[in-house]
Amino acid sequence: MSKKFLKVLLSSAMTVSMLAACGSGGGAGGSGSELAEGDTVKIGGNFELSGDVASYGTAESNAVELAIKMYNESEDAKYKLEYVSVDNKGDAAESTTAATKLIEEDQVAFIVGPATSGASIATYQVASDSSVPVISPSATQINATMNGDEVYPSAFRICFEDSYQGAAMAQYAAKDMGKKKAAVLAETSDYGQGLANQFIETFEANGGEVINSLKDGSYNAGDTDFNAILTKLSEKDFDVLYVAGYYGEAGLIIKQAREMGIDATIVGADGFDSTVLAQLAGKENLNDVFFTTAIASGAPTEAQEEFKKAYIEEYGEDALNMFSYLAYDSVMLGIQALEEAGATGPALQEALEKAEFDGLTGSFTFDETHTPVKSVLVIDAATNGAETNAEVTVK
Amino acid sequence: MSKKILSKANLCWMALSVAVYILLSVLINFRIISSYYTITIYNILINIILAVSLNLIIGICGQFSLGHAGFMCIGAYSAGVITKMMPNLGGLFLGVLVGMVISTVAALIVSVPTLRLRGDYLAIATLGFAEIIRIIVMNMKITNGAAGLSGIPKLTTFTLLFICMVISIIIVCNFTRSAPGRACISIREDEIASEAMGINTTKYKVSAFIIGALLASLAGALFACNFYVIKPTQFNFNRSIDILVMVVFGGMGSMTSSVIAAIVIGFLNMILQNFSNLRMIIYGVALVSIMIFKPTGLLGTRELSFEKLLKRKERKS
Amino acid sequence: MTQFLQQIVNGMSLGSIYALIALGYTMVYGIIKLINFAHGDIYMLGSFVAYIVTTKLGVGFFPAMIGSMVFCGIMGVLIERVAYKPLRHATRISALITAMGVSYILEYTTQLVMGSEKKTYPVLLNNSTFQIGSVKVSTQQIYILVITIVMMIVLQYIIRHTKMGRAMRAVSVDENAAKLMGINVDTVISFTFLLGSALAGVAGILVGVYYNSINPLMGMTPGLKAFIAAVFGGIGSVPGAMIGGLFIGIAETMVIAYGSSLYKDAIVYVILILILIIKPEGLLGKNEREKV
């Protein structure tokens with residue numbers, strides 16, 4: 001009896017493996033569909049709504065929701081947009097799952113998000129397999145959109161690459177500010193380490209000296225006590241401090257450094273760009289603090305002002321930061337490409353590649369790595385660029 | 001001997017796993033279910049390996065470990081680094097092997113001194129070790145530091161994953177029924193008494209710990225080659241808790257319930273993804289209420305056993 | 001040398017916070033043998049309560065401190081009654097998972113209500129820096145250390161010299177025997193949670209004032225480190241928790257000062273593992289032999 005049983009088992013197993021072999025050939029890749037005016041189009045949001053980096057994800061998800069609402073209310077809206085939001089917890093694996101859900105279940109035209117690089121990169125392969133573009137508002141990691149030497153066809157980002165901002169600030173500090181000795185503090189994340197490494201390289205290439213290494217200049221996201229690390233730095237002599245991290249920790253570093261009597265110029269990147277920075281650091285401590293960013297929120301353009309007003313009305317002042325502007329632009333870019341292409345899938349992807357976009361965070365086109373070419377502003381944190389700001393081009 | 005291996009109960013198990021395999025691969029390959037469900041199934045299979053291996057340490061051997069994510073981390077990074085250099089199945093195989101060697105060494109370093117500890121102290125010590133592993137990974141060049149590895153080739157296929165899961169379950173179940181496994185159970189029940197009976201408690205605790213760590217590192221390798229990207233933050237304390245929850249949710253000491261719990265939690269997680277704000281609150285409430293109303297887990301220590309079913313059938317007829 | 005002394009000061013203010021949280025851990029663990037993972041989140045709640053009453057009602061530091069002590073104390077008792085009491089005789093693992101569940105509920109409910117963005121405190125304590133020799137000390141650092149020491153003394157008094165304190169000690173030695181002696185065990189345990197949680201509330205407002213930054217997930221890491229501090233000092237011992245907290249704070253600071261800042265968290269775990277291997281009962285703990 002058992003022999004017969006075994007035979008049945010084996011033969012059925014073989015049949016299945018054969019079936020599996022033919023099955024795997026078909027059904028790959030989405031081809032997209034044509035859209036008519038007035039069609040309902042779904043847009044996916046894949047964000048970090050819970051977990052450690054929820055504040056960034058929430059700021060972006062809010063902005064996406066608002067952008068879609070504003071578009072639907074505008075008179076010349078070509079399509080009816082619908083927002084589908086999924087939480088990825090800030091985890092790369094969950095992010096892959098979330099993107100798959102948006103693509104397969106909800107059939108979205110394009111996905112905005114995630115906010116962090118790791119979670120974004122985790123979605124690029126599945127998105128490229130089915131030709132659904134992912135527009136990452138803030139995936140700044142170096143080579144994030146690259147799969148080896150090739151670009152992921154469906155991966156787009158609208159922020160600076162870390163290396164670009166780091167180099168811009170290093171050059172500005174060394175050349176324009178005339179700084180000679182720099183100290184570096186960096187968050188132990190791809191963002192912080194990427195920025196800091198580039199800053200050190202460019203600063204040294206411009207004839208400056210960096211007095212510490214990242215080995216004794218790193219902190220974790222969520223840290224609140226920087227007294228130890230700052231005390232150690234204060235023993236040494238430097239005239240500029242580069243803080244590679246986000247406003248949450250940077251604000252406290254500025255406060256504790258100033259209270260300790262460190263009066264060197266403090267510089268940073270677009271992670272500083274939030275109203276929370278001034279609250280954390282205290283207005284009186286924000287003297288001689290500069291950062292690189294894409295917009296001067298202290299001297300807003302009309303479009304920025306309009307978005308800012310609508311955002312604050314909806315979500316309050318605290319939640320508004322650089323991430324919100326970038327996420328808004330991501331949606332607007334996607335919509336612009338959607339209207340140009342009149343279709344989803346590869347046609348939309350092509351439209352994105354060729355897009356000439358003029359948004360809140362600057363006008364840009366994509367280079368061959370799907371990263372925007374836009375200019376960096378260096379602005380004064382005390383006024384957020386209301387009075388002076390300098391445009392830097394990296395040489 | 002051969003008669004024993006091909007016993008009716010074992011054949012039933014074989015039939016069950018082949019049937020599940022056939023069903024799932026038909027569903028996946030003919031795209032009857034979307035790739036969203038497919039990815040959830042992959043996730044569940046990886047979680048089954050993790051849950052079963054942790055159940056061996058906690059449920060069978062009674063050693064409360066909170067460091068499973070650390071071993072998973074070692075496996076994931078070994079496979080990630082090696083498959084990036086050799087993007088084929090050979091690379092994955094080598095990655096798994098290297099991961100297992102490192103995990104064994106790490107498990108030895110962890111277990112020999114700490115397994116003297118008991119209960120909560122052991123839990124905290126293993127948690128500490130897992131965090132140390134994560135911090136080391138975060139500061140190494142080869143692992144690309146905090147940014148993590150990206151562009152890992154997707155080598156995990158359904159067949160491979162399913163086979164690994166079945167093998168893991170077989171290893172754990174057979175270990176449980178072997179002499180060392182019985183020794184582990186006696187340690188769980190009463191360590192001092194089993195020591196008095198002449199059982200070398202350290203030896204058996206360490207061996208259970210190492211087998212668990214090996215399987216966790218296998219799961220880590222499959223995880224890395226399924227999700228393209230791995231970052232040190234994915235293997236933090238919360239990951240260990242997630243695995244622990246599967247073990248306790250199902251019922252400690254029962255492999256069947258670990259499998260079922262991994263499946264239930266996998267689908268629960270899939271549904272909760274849509275309730276972004278509330279998901280962790282719901283998860284928390286679920287944990288608390290299950291522990292209050294059913295502290296032994298869903299199935300307790302009951303196992304699905306074809307042997308018993310067959311015997312019952314025979315008795316009836 | 002200056003740097004060394006300055007780092008000691010830095011470490012002590014960081015350590016005082018750990019010590020305050022560790023006091024709660026050590027009491028709860030000492031009495032019902034539960035690693036109350038939600039304790040770190042009670043501390044987070046304390047800082048949020050103080051944030052709300054100071055910004056919305058505009059009260060000063062000390063009323064806000066009392067407010068968060070009361071709130072946290074009540075929350076602690078509620079959590080104990082609802083979540084932990086039914087599990088008092090269940091396995092350790094079930095209790096621990098319940099604690100994790102409670103911790104998730106507290107964190108994410110706060111995030112839902114207050115948002116995930118960091119919040120900043122208004123100025124509650126004036127902050128001036130003065131020099132002692134070449135070392136800079138701020139008034140806030142002194143406040144933190146003094147409040148921590150006062151709290152420890154009060155707690156020690158309650159445990160050593162009041163009737164309730166004696167009852168607490170009795171329950172921690174043998175619950176059943178205590179019951180036979182006419183002690184209401186439930187009340188005693190609730191009281192323990194009340195005290196421990198109130199202290200976490202104090203830690204919460206001190207952190208808010210000193211660092212000026214609070215968020216719903218802030219309790220996780222300090223909570224874990226405080227537990228390690230409690231283990232280091234000897235579970236159940238009040239002065240032990242204090243010493244443990246200060247030691248962990250100073251050790252962390254010293255690693256940053258003379259080693260690599262990348263390993264500051266690793267050192268805490270290394271200390272933990274070493275102490276568990278060398279002296280598992282902790283610095284001031286009592287060595288309990290396992291009974292057969």
# chains A, B, ... in the order shown; residues from 1 in each chain; ligands from 1
call {"tool": "residues_around", "arguments": {"residues": "Cys159 (chain A)", "least_positions_apart": "3", "cutoff": "9 Å", "atoms": "only C-alpha atoms", "output": "JSON, numbers by chain"}}
result
{"A": [136, 137, 138, 139, 140, 162, 294, 326, 361, 371, 372, 374]}
call {"tool": "write_last_selection", "arguments": {"atoms": "C-alpha atoms", "output": "PDB file, in the first residue's frame"}}
result
ATOM      1  CA  SER A 136      10.812  59.094  -3.587  1.00  0.00           C
ATOM      2  CA  PRO A 137      10.669  62.538  -2.019  1.00  0.00           C
ATOM      3  CA  SER A 138      13.734  62.102   0.159  1.00  0.00           C
ATOM      4  CA  ALA A 139      15.768  59.008  -0.719  1.00  0.00           C
ATOM      5  CA  THR A 140      19.059  60.873  -0.541  1.00  0.00           C
ATOM      6  CA  ASP A 162      23.828  63.242  -0.039  1.00  0.00           C
ATOM      7  CA  ALA A 294      16.457  73.665  -1.878  1.00  0.00           C
ATOM      8  CA  LEU A 326       9.440  67.495  -1.247  1.00  0.00           C
ATOM      9  CA  THR A 361      11.694  72.979  -4.300  1.00  0.00           C
ATOM     10  CA  THR A 371      18.197  62.310  -9.728  1.00  0.00           C
ATOM     11  CA  PRO A 372      17.247  65.958 -10.160  1.00  0.00           C
ATOM     12  CA  LYS A 374      18.928  71.520  -9.085  1.00  0.00           C
TER      13      LYS A 374
END
call {"tool": "interface_residues", "arguments": {"of": "chain C", "to": "chain A", "cutoff": "8 Å", "atoms": "only C-alpha atoms", "output": "list of chain:residue names"}}
result
C:Gln3, C:Gln6, C:Gln7, C:Asn10, C:Gly11, C:Leu14, C:Tyr108, C:Gly115, C:Ser116, C:Glu117, C:Lys118, C:Thr120, C:Lys136, C:Tyr211, C:Asn212, C:Ser213, C:Leu217, C:Met218, C:Thr253, C:Met254, C:Ile256, C:Ala257, C:Gly259, C:Ser260, C:Ser261, C:Leu262
call {"tool": "interface_residues", "arguments": {"of": "chain C", "to": "chain B", "cutoff": "9 Å", "atoms": "only C-alpha atoms", "output": "count of residues only"}}
result
44
call {"tool": "interface_residues", "arguments": {"of": "chain B", "to": "chain A", "cutoff": "9 Å", "atoms": "only C-alpha atoms", "output": "ChimeraX atom specification"}}
result
/B:6-8,11,14-15,18-19,21-22,25-26,28-31,34-37,39-40,43,138-139,145-151,223,226-231,233-234,270,272-277,279-280
call {"tool": "select_by_dssp", "arguments": {"residues": "region 174-206 of chain A", "states": "alpha helix (DSSP H)", "output": "list of chain:residue names"}}
result
A:Asp190, A:Tyr191, A:Gly192, A:Gln193, A:Gly194, A:Leu195, A:Ala196, A:Asn197, A:Gln198, A:Phe199, A:Ile200, A:Glu201, A:Thr202, A:Phe203, A:Glu204, A:Ala205
call {"tool": "select_by_dssp", "arguments": {"residues": "region 154-326 of chain A", "states": "strand (DSSP E)", "output": "ChimeraX atom specification"}}
result
/A:155-157,181-187,209-210,218-219,240-244,265-268,289-293
call {"tool": "write_last_selection", "arguments": {"atoms": "N, CA and C atoms", "output": "PDB file, in the first residue's frame"}}
result
ATOM      1  N   ALA A 155      12.547  53.991 -10.766  1.00  0.00           N
ATOM      2  CA  ALA A 155      12.915  54.724  -9.557  1.00  0.00           C
ATOM      3  C   ALA A 155      13.236  56.184  -9.871  1.00  0.00           C
ATOM      4  N   PHE A 156      12.549  57.079  -9.203  1.00  0.00           N
ATOM      5  CA  PHE A 156      12.836  58.498  -9.349  1.00  0.00           C
ATOM      6  C   PHE A 156      12.932  59.121  -7.973  1.00  0.00           C
ATOM      7  N   ARG A 157      13.747  60.134  -7.819  1.00  0.00           N
ATOM      8  CA  ARG A 157      13.754  60.874  -6.557  1.00  0.00           C
ATOM      9  C   ARG A 157      13.875  62.350  -6.882  1.00  0.00           C
ATOM     10  N   LYS A 181      39.478  74.823   9.882  1.00  0.00           N
ATOM     11  CA  LYS A 181      39.436  73.569  10.635  1.00  0.00           C
ATOM     12  C   LYS A 181      37.983  73.199  10.923  1.00  0.00           C
ATOM     13  N   ALA A 182      37.616  71.996  10.564  1.00  0.00           N
ATOM     14  CA  ALA A 182      36.232  71.573  10.746  1.00  0.00           C
ATOM     15  C   ALA A 182      36.146  70.388  11.694  1.00  0.00           C
ATOM     16  N   ALA A 183      35.064  70.368  12.474  1.00  0.00           N
ATOM     17  CA  ALA A 183      34.729  69.181  13.251  1.00  0.00           C
ATOM     18  C   ALA A 183      33.449  68.617  12.650  1.00  0.00           C
ATOM     19  N   VAL A 184      33.265  67.312  12.749  1.00  0.00           N
ATOM     20  CA  VAL A 184      32.101  66.688  12.125  1.00  0.00           C
ATOM     21  C   VAL A 184      31.348  65.838  13.146  1.00  0.00           C
ATOM     22  N   LEU A 185      30.019  65.992  13.168  1.00  0.00           N
ATOM     23  CA  LEU A 185      29.160  65.117  13.964  1.00  0.00           C
ATOM     24  C   LEU A 185      28.149  64.520  13.009  1.00  0.00           C
ATOM     25  N   ALA A 186      27.998  63.206  13.025  1.00  0.00           N
ATOM     26  CA  ALA A 186      27.087  62.607  12.054  1.00  0.00           C
ATOM     27  C   ALA A 186      26.203  61.555  12.690  1.00  0.00           C
ATOM     28  N   GLU A 187      24.955  61.515  12.250  1.00  0.00           N
ATOM     29  CA  GLU A 187      24.045  60.475  12.694  1.00  0.00           C
ATOM     30  C   GLU A 187      24.494  59.144  12.096  1.00  0.00           C
ATOM     31  N   GLU A 209      41.160  71.346   7.108  1.00  0.00           N
ATOM     32  CA  GLU A 209      41.561  70.204   7.918  1.00  0.00           C
ATOM     33  C   GLU A 209      40.360  69.767   8.745  1.00  0.00           C
ATOM     34  N   VAL A 210      40.127  68.468   8.805  1.00  0.00           N
ATOM     35  CA  VAL A 210      39.033  67.963   9.636  1.00  0.00           C
ATOM     36  C   VAL A 210      39.650  67.342  10.878  1.00  0.00           C
ATOM     37  N   SER A 218      30.039  60.252  15.953  1.00  0.00           N
ATOM     38  CA  SER A 218      28.751  59.730  15.505  1.00  0.00           C
ATOM     39  C   SER A 218      27.759  59.651  16.653  1.00  0.00           C
ATOM     40  N   TYR A 219      26.506  59.828  16.334  1.00  0.00           N
ATOM     41  CA  TYR A 219      25.463  59.680  17.349  1.00  0.00           C
ATOM     42  C   TYR A 219      24.300  58.921  16.729  1.00  0.00           C
ATOM     43  N   VAL A 240      34.568  75.549  12.388  1.00  0.00           N
ATOM     44  CA  VAL A 240      33.257  75.212  11.828  1.00  0.00           C
ATOM     45  C   VAL A 240      32.895  73.788  12.253  1.00  0.00           C
ATOM     46  N   LEU A 241      31.604  73.588  12.594  1.00  0.00           N
ATOM     47  CA  LEU A 241      31.127  72.266  13.008  1.00  0.00           C
ATOM     48  C   LEU A 241      30.062  71.816  12.026  1.00  0.00           C
ATOM     49  N   TYR A 242      30.309  70.696  11.359  1.00  0.00           N
ATOM     50  CA  TYR A 242      29.314  70.177  10.410  1.00  0.00           C
ATOM     51  C   TYR A 242      28.477  69.116  11.102  1.00  0.00           C
ATOM     52  N   VAL A 243      27.175  69.353  11.189  1.00  0.00           N
ATOM     53  CA  VAL A 243      26.278  68.390  11.817  1.00  0.00           C
ATOM     54  C   VAL A 243      25.484  67.699  10.720  1.00  0.00           C
ATOM     55  N   ALA A 244      25.774  66.433  10.483  1.00  0.00           N
ATOM     56  CA  ALA A 244      25.097  65.697   9.422  1.00  0.00           C
ATOM     57  C   ALA A 244      23.974  64.884  10.038  1.00  0.00           C
ATOM     58  N   THR A 265      31.097  78.387  13.865  1.00  0.00           N
ATOM     59  CA  THR A 265      29.952  78.346  12.956  1.00  0.00           C
ATOM     60  C   THR A 265      29.449  76.910  12.866  1.00  0.00           C
ATOM     61  N   ILE A 266      28.121  76.737  12.947  1.00  0.00           N
ATOM     62  CA  ILE A 266      27.567  75.392  12.820  1.00  0.00           C
ATOM     63  C   ILE A 266      26.854  75.293  11.479  1.00  0.00           C
ATOM     64  N   VAL A 267      27.206  74.285  10.703  1.00  0.00           N
ATOM     65  CA  VAL A 267      26.572  74.134   9.399  1.00  0.00           C
ATOM     66  C   VAL A 267      25.977  72.747   9.262  1.00  0.00           C
ATOM     67  N   GLY A 268      24.997  72.624   8.366  1.00  0.00           N
ATOM     68  CA  GLY A 268      24.340  71.340   8.193  1.00  0.00           C
ATOM     69  C   GLY A 268      23.697  71.233   6.830  1.00  0.00           C
ATOM     70  N   VAL A 289      24.448  79.901  12.277  1.00  0.00           N
ATOM     71  CA  VAL A 289      24.101  78.533  11.879  1.00  0.00           C
ATOM     72  C   VAL A 289      23.604  78.584  10.436  1.00  0.00           C
ATOM     73  N   PHE A 290      24.168  77.758   9.588  1.00  0.00           N
ATOM     74  CA  PHE A 290      23.772  77.757   8.180  1.00  0.00           C
ATOM     75  C   PHE A 290      23.509  76.336   7.717  1.00  0.00           C
ATOM     76  N   PHE A 291      22.640  76.219   6.707  1.00  0.00           N
ATOM     77  CA  PHE A 291      22.474  74.875   6.147  1.00  0.00           C
ATOM     78  C   PHE A 291      22.159  74.933   4.663  1.00  0.00           C
ATOM     79  N   THR A 292      22.396  73.818   3.991  1.00  0.00           N
ATOM     80  CA  THR A 292      22.083  73.732   2.567  1.00  0.00           C
ATOM     81  C   THR A 292      20.673  73.196   2.402  1.00  0.00           C
ATOM     82  N   THR A 293      19.943  73.727   1.445  1.00  0.00           N
ATOM     83  CA  THR A 293      18.597  73.243   1.200  1.00  0.00           C
ATOM     84  C   THR A 293      18.171  73.665  -0.195  1.00  0.00           C
TER      85      THR A 293
END
call {"tool": "atom_distance", "arguments": {"atom1": "CA of Met332 (chain A)", "atom2": "CA of Gly362 (chain A)"}}
result
12.5 Å
call {"tool": "closest_residue", "arguments": {"among": "C:Tyr210, C:Phe193, C:Phe48, C:Phe71", "to": "Asn126 (chain C)", "atoms": "only C-alpha atoms"}}
result
C:Tyr210
call {"tool": "closest_residue", "arguments": {"among": "B:Ile57, B:Asn236, B:Pro87, B:Arg302", "to": "Val206 (chain B)", "atoms": "only C-alpha atoms"}}
result
B:Ile57
call {"tool": "atom_distance", "arguments": {"atom1": "CA of Ser53 (chain B)", "atom2": "CA of Val81 (chain B)"}}
result
23.7 Å
call {"tool": "atom_distance", "arguments": {"atom1": "CA of Gly38 (chain A)", "atom2": "CA of Asp76 (chain A)"}}
result
10.6 Å
call {"tool": "residues_around", "arguments": {"residues": "region 163-173 of chain A", "least_positions_apart": "4", "cutoff": "6 Å", "atoms": "only C-alpha atoms", "output": "compact mmCIF listing (two decimals) with C-alpha atoms, in the first residue's frame"}}
result
# COMPACT_ATOMS: atom_id res chain seq x y z
CA MET A 177 33.42 81.42 4.67
CA LYS A 179 37.08 78.18 7.39
CA LEU A 195 26.82 63.59 4.04
CA GLN A 198 31.52 63.71 1.40
CA PHE A 199 31.93 66.83 3.53
CA THR A 202 35.61 67.97 -0.18
CA PHE A 203 36.68 70.08 2.77
CA VAL A 394 29.75 72.34 -6.78
call {"tool": "residues_around", "arguments": {"residues": "Ile144 (chain C)", "least_positions_apart": "2", "cutoff": "7 Å", "atoms": "only C-alpha atoms", "output": "PyMOL selection string"}}
result
chain C and resi 13+16+140-142+146-148+206
call {"tool": "residues_around", "arguments": {"residues": "Ser172 (chain C)", "least_positions_apart": "4", "cutoff": "8 Å", "atoms": "only C-alpha atoms", "output": "list of chain:residue names"}}
result
C:Gly30, C:Ile31, C:Ile32, C:Met168
call {"tool": "residues_around", "arguments": {"residues": "Ile210 (chain B)", "least_positions_apart": "4", "cutoff": "10 Å", "atoms": "only C-alpha atoms", "output": "ChimeraX atom specification"}}
result
/B:53,57,71,100,103-108,110-111,204-206,214-216
call {"tool": "write_last_selection", "arguments": {"atoms": "N, CA and C atoms", "output": "PDB file, in the first residue's frame"}}
result
ATOM      1  N   SER B  53      12.460  27.650  15.206  1.00  0.00           N
ATOM      2  CA  SER B  53      13.792  27.547  15.802  1.00  0.00           C
ATOM      3  C   SER B  53      13.829  28.198  17.185  1.00  0.00           C
ATOM      4  N   ILE B  57      14.418  26.652  21.419  1.00  0.00           N
ATOM      5  CA  ILE B  57      15.184  27.183  22.546  1.00  0.00           C
ATOM      6  C   ILE B  57      14.274  27.470  23.740  1.00  0.00           C
ATOM      7  N   PHE B  71      21.036  36.439  15.479  1.00  0.00           N
ATOM      8  CA  PHE B  71      21.475  35.350  14.613  1.00  0.00           C
ATOM      9  C   PHE B  71      20.903  35.507  13.217  1.00  0.00           C
ATOM     10  N   MET B 100      26.128  30.196   8.815  1.00  0.00           N
ATOM     11  CA  MET B 100      25.978  29.166   9.840  1.00  0.00           C
ATOM     12  C   MET B 100      27.244  29.027  10.672  1.00  0.00           C
ATOM     13  N   SER B 103      27.371  32.013  12.923  1.00  0.00           N
ATOM     14  CA  SER B 103      26.338  31.890  13.951  1.00  0.00           C
ATOM     15  C   SER B 103      26.727  30.881  15.015  1.00  0.00           C
ATOM     16  N   THR B 104      27.305  29.761  14.565  1.00  0.00           N
ATOM     17  CA  THR B 104      27.705  28.745  15.544  1.00  0.00           C
ATOM     18  C   THR B 104      28.729  29.324  16.507  1.00  0.00           C
ATOM     19  N   VAL B 105      29.726  30.011  15.936  1.00  0.00           N
ATOM     20  CA  VAL B 105      30.739  30.613  16.799  1.00  0.00           C
ATOM     21  C   VAL B 105      30.084  31.614  17.752  1.00  0.00           C
ATOM     22  N   ALA B 106      29.228  32.470  17.188  1.00  0.00           N
ATOM     23  CA  ALA B 106      28.573  33.476  18.028  1.00  0.00           C
ATOM     24  C   ALA B 106      27.717  32.804  19.092  1.00  0.00           C
ATOM     25  N   ALA B 107      26.973  31.766  18.686  1.00  0.00           N
ATOM     26  CA  ALA B 107      26.097  31.098  19.647  1.00  0.00           C
ATOM     27  C   ALA B 107      26.905  30.463  20.770  1.00  0.00           C
ATOM     28  N   LEU B 108      28.082  29.921  20.413  1.00  0.00           N
ATOM     29  CA  LEU B 108      28.947  29.347  21.451  1.00  0.00           C
ATOM     30  C   LEU B 108      29.408  30.432  22.417  1.00  0.00           C
ATOM     31  N   VAL B 110      28.000  33.232  23.022  1.00  0.00           N
ATOM     32  CA  VAL B 110      26.883  33.727  23.814  1.00  0.00           C
ATOM     33  C   VAL B 110      26.479  32.721  24.866  1.00  0.00           C
ATOM     34  N   SER B 111      26.364  31.440  24.426  1.00  0.00           N
ATOM     35  CA  SER B 111      25.665  30.509  25.300  1.00  0.00           C
ATOM     36  C   SER B 111      26.518  29.981  26.436  1.00  0.00           C
ATOM     37  N   TYR B 204      23.483  20.158  26.707  1.00  0.00           N
ATOM     38  CA  TYR B 204      22.230  20.099  25.957  1.00  0.00           C
ATOM     39  C   TYR B 204      21.651  21.489  25.715  1.00  0.00           C
ATOM     40  N   LYS B 205      21.824  22.353  26.693  1.00  0.00           N
ATOM     41  CA  LYS B 205      21.323  23.715  26.487  1.00  0.00           C
ATOM     42  C   LYS B 205      22.065  24.365  25.335  1.00  0.00           C
ATOM     43  N   VAL B 206      23.400  24.204  25.338  1.00  0.00           N
ATOM     44  CA  VAL B 206      24.200  24.809  24.271  1.00  0.00           C
ATOM     45  C   VAL B 206      23.830  24.210  22.928  1.00  0.00           C
ATOM     46  N   LEU B 214      21.429  28.324  14.222  1.00  0.00           N
ATOM     47  CA  LEU B 214      21.701  27.934  12.834  1.00  0.00           C
ATOM     48  C   LEU B 214      20.475  28.160  11.963  1.00  0.00           C
ATOM     49  N   LEU B 215      19.325  27.715  12.471  1.00  0.00           N
ATOM     50  CA  LEU B 215      18.110  27.858  11.673  1.00  0.00           C
ATOM     51  C   LEU B 215      17.753  29.334  11.519  1.00  0.00           C
ATOM     52  N   ALA B 216      17.975  30.118  12.569  1.00  0.00           N
ATOM     53  CA  ALA B 216      17.678  31.543  12.464  1.00  0.00           C
ATOM     54  C   ALA B 216      18.561  32.187  11.413  1.00  0.00           C
TER      55      ALA B 216
END
call {"tool": "residues_around", "arguments": {"residues": "Gly236 (chain C)", "least_positions_apart": "4", "cutoff": "7 Å", "atoms": "only C-alpha atoms", "output": "VMD selection string"}}
result
chain C and resid 26 to 27 29 to 30 285
call {"tool": "closest_residue", "arguments": {"among": "C:Met75, C:Met114, C:Met220, C:Ile132", "to": "Ile21 (chain C)", "atoms": "only C-alpha atoms"}}
result
C:Met220
